[in-house]
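Chemist: Got a structure here, written out as structure tokens. Questions coming.
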Amino acid sequence: VKFLVRTPLYLDNHPLDGSVGTQSIHVNAFRGMVSIRDNNVLSEWDGVLDYENALLVAKLFSKMACVLAKMDEAVFPTLDDIVKALDHQAPKHYPSTHGLTYTVLPSRVKNLAQFGAPIKDMCRAVPTYFAQQQKEGTALAVDPDSCFEIQLLSFLGLSICGEIPGL
């Protein structure tokens with residue numbers, strides 16, 4: 001009798017690729033990075049989740065800008081959750097977290113290199129702005145029509161709201 005011992009993917013040094021709907025996802029668990037490309041024609045965006053530094057960056061093609069924010073690790077799916085979803089090991093009814101809303105701040109990011117090569121490379125040709133997570137229950141002081149909606153796999157809906165300065 002032979003036993004197949006399967007190493008958990010999150011311990012593996014090899015990258016994992018997958019797709020969910022219009023999204024292609026590349027996980028590099030060794031570096032704690034998830035890259036996402038969403039080819040939805042109505043809301044095309046690229047993103048990086050940097051788990052080592054708790055950073056989220058989204059390049060919004062319709063706005064021709066990048067938005068950089070701190071990841072709230074209490075509500076974001078873990079790296080392991082994403083790996084399991086791509087490996088089809090996730091529970092069928094993963095508890096969907098509440099949507100998060102981020103407000104774009106007028107301050108532009110001056111030095112992208114400090115956030116690492118993946119973020120610098122993605123946002124090199126477009127202006128990059130900081131965004132701040134809205135506290136749950138606080139009224140949004142921006143026009144809801146200015147929001148860009150992002151669905152992160154089936155886990156999390158994000159709204160990035162506010163006017164991108166200079167556009």
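For the structure tokens, the naming scheme is as follows: chains receive sequential letters (A, B, ...) according to their order of presentation, residues are indexed from 1 within each chain, and ligands are indexed from 1 in presentation order.
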Compile the contact shell of Lys59 (chain A) as an MDAnalysis selection string: residues with an atom at most 9 Å away, counting only C-alpha atoms, same-chain residues fewer than 4 positions apart removed.
Modeler: chainID A and resid 44:48 63:68 122:123 126 128
Chemist: Give me a file of those residues, with N, CA, C and O atoms, as a short mmCIF file (atom, residue, chain, number, x, y, z; two decimals), in the first residue's frame.
Modeler:
```
data_model
loop_
_atom_site.label_atom_id
_atom_site.label_comp_id
_atom_site.auth_asym_id
_atom_site.auth_seq_id
_atom_site.Cartn_x
_atom_site.Cartn_y
_atom_site.Cartn_z
N GLU A 44 -12.02 46.77 -15.09
CA GLU A 44 -10.74 46.08 -15.19
C GLU A 44 -9.76 46.67 -14.17
O GLU A 44 -9.65 47.88 -14.01
N TRP A 45 -9.07 45.77 -13.45
CA TRP A 45 -8.08 46.22 -12.47
C TRP A 45 -7.05 45.13 -12.23
O TRP A 45 -7.29 43.96 -12.49
N ASP A 46 -5.88 45.55 -11.77
CA ASP A 46 -4.84 44.65 -11.32
C ASP A 46 -4.61 44.94 -9.85
O ASP A 46 -4.80 46.08 -9.40
N GLY A 47 -4.19 43.93 -9.11
CA GLY A 47 -3.94 44.17 -7.70
C GLY A 47 -2.83 43.30 -7.16
O GLY A 47 -2.50 42.27 -7.73
N VAL A 48 -2.27 43.76 -6.05
CA VAL A 48 -1.29 42.99 -5.30
C VAL A 48 -1.70 43.04 -3.84
O VAL A 48 -1.98 44.11 -3.30
N LYS A 63 -9.55 54.60 -14.23
CA LYS A 63 -9.12 55.84 -13.59
C LYS A 63 -7.67 56.18 -13.94
O LYS A 63 -7.18 57.25 -13.60
N MET A 64 -6.97 55.25 -14.57
CA MET A 64 -5.54 55.41 -14.88
C MET A 64 -4.76 55.86 -13.65
O MET A 64 -4.01 56.84 -13.68
N ALA A 65 -4.97 55.13 -12.55
CA ALA A 65 -4.30 55.45 -11.29
C ALA A 65 -4.18 54.20 -10.45
O ALA A 65 -4.91 53.22 -10.65
N CYS A 66 -3.27 54.24 -9.49
CA CYS A 66 -3.13 53.18 -8.49
C CYS A 66 -3.55 53.74 -7.14
O CYS A 66 -3.41 54.93 -6.87
N VAL A 67 -4.05 52.83 -6.31
CA VAL A 67 -4.46 53.19 -4.95
C VAL A 67 -3.77 52.21 -4.01
O VAL A 67 -3.81 50.99 -4.23
N LEU A 68 -3.13 52.75 -2.97
CA LEU A 68 -2.37 51.97 -2.01
C LEU A 68 -3.00 52.12 -0.64
O LEU A 68 -3.31 53.24 -0.22
N MET A 122 3.95 47.62 -10.95
CA MET A 122 2.56 47.73 -11.38
C MET A 122 2.14 49.18 -11.57
O MET A 122 1.40 49.50 -12.49
N CYS A 123 2.62 50.06 -10.70
CA CYS A 123 2.12 51.44 -10.70
C CYS A 123 3.10 52.44 -11.32
O CYS A 123 2.88 53.65 -11.24
N VAL A 126 1.60 55.24 -13.77
CA VAL A 126 0.38 56.00 -13.40
C VAL A 126 0.56 56.63 -12.03
O VAL A 126 1.34 56.13 -11.21
N THR A 128 -0.06 57.34 -8.18
CA THR A 128 -0.48 56.45 -7.10
C THR A 128 -0.88 57.29 -5.89
O THR A 128 -0.17 58.23 -5.53
#
```
Chemist: Could you check the closest approach to Ile160 (chain A) for each of A:Leu86, A:Leu60, A:Leu112, A:Ile119 and tell me which residue wins, using only C-alpha atoms?
Modeler: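 Residue with the minimum atom-to-atom distance to Ile160 (chain A): A:Leu60.
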Chemist: Can you pull out the residues contacting Val109 (chain A)? Cut-off 8 Å, using only C-alpha atoms, and skip same-chain residues under 4 positions away; I want them as a PyMOL selection string.
Modeler: chain A and resi 127-130
Chemist: For Pro77 (chain A), which residue among A:Cys161, A:Ala113, A:Val57, A:Leu49 is the nearest when counting only C-alpha atoms?
Modeler: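 Of A:Cys161, A:Ala113, A:Val57, A:Leu49, the one nearest Pro77 (chain A), counting only C-alpha atoms, is A:Leu49.
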Chemist: Write out as JSON, numbers by chain each polymer residue whose atoms come within 12 Å of region 36-39 of chain A, counting only C-alpha atoms; drop sequence neighbours fewer than 3 positions from it.
Modeler: {"A": [17, 18, 19, 20, 21, 22, 23, 24, 25, 26, 27, 28, 33, 42, 43, 44, 45, 46, 47, 48, 49, 50, 56, 57, 58, 59, 60, 61, 62, 82, 118, 122, 149, 150, 151, 152, 153]}
Chemist: Mind pulling up the distance from CA of Thr101 (chain A) to CA of Lys135 (chain A)?
Modeler: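 Pair CA of Lys135 (chain A) / CA of Thr101 (chain A) returns 8.2 Å.
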Chemist: Which value, in Å to one decimal, gives the distance between CA of Leu100 (chain A) and CA of Glu73 (chain A)?
Modeler: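 Separating CA of Leu100 (chain A) from CA of Glu73 (chain A) is a distance of 12.1 Å.
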Chemist: Enumerate, as a ChimeraX atom specification, the complete set of residues in region 17-162 of chain A that a backbone-based DSSP assignment places in strand (DSSP E or B).
Modeler: /A:17-20,23-28,33-38,45-50,55-60,65-70,100-108,128-133,148-152,156-161
Chemist: Report, in Å with one decimal, the straight-line distance from CA of Val83 (chain A) to CA of Lys120 (chain A).
Modeler: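 Atom-to-atom, CA of Val83 (chain A) to CA of Lys120 (chain A), that is 24.3 Å.
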Chemist: With distances taken over only C-alpha atoms, which residue among A:Asp121, A:Glu163, A:Asp72, A:Asp87 lies nearest Cys147 (chain A)?
Modeler: A:Glu163
Chemist: Which residue gives the smallest distance to Ser107 (chain A) among A:Asp80, A:Ile164, A:Leu55, A:Leu158, with only C-alpha atoms counted?
Modeler: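 When distances to Ser107 (chain A) are compared using only C-alpha atoms, the smallest one comes from A:Ile164.
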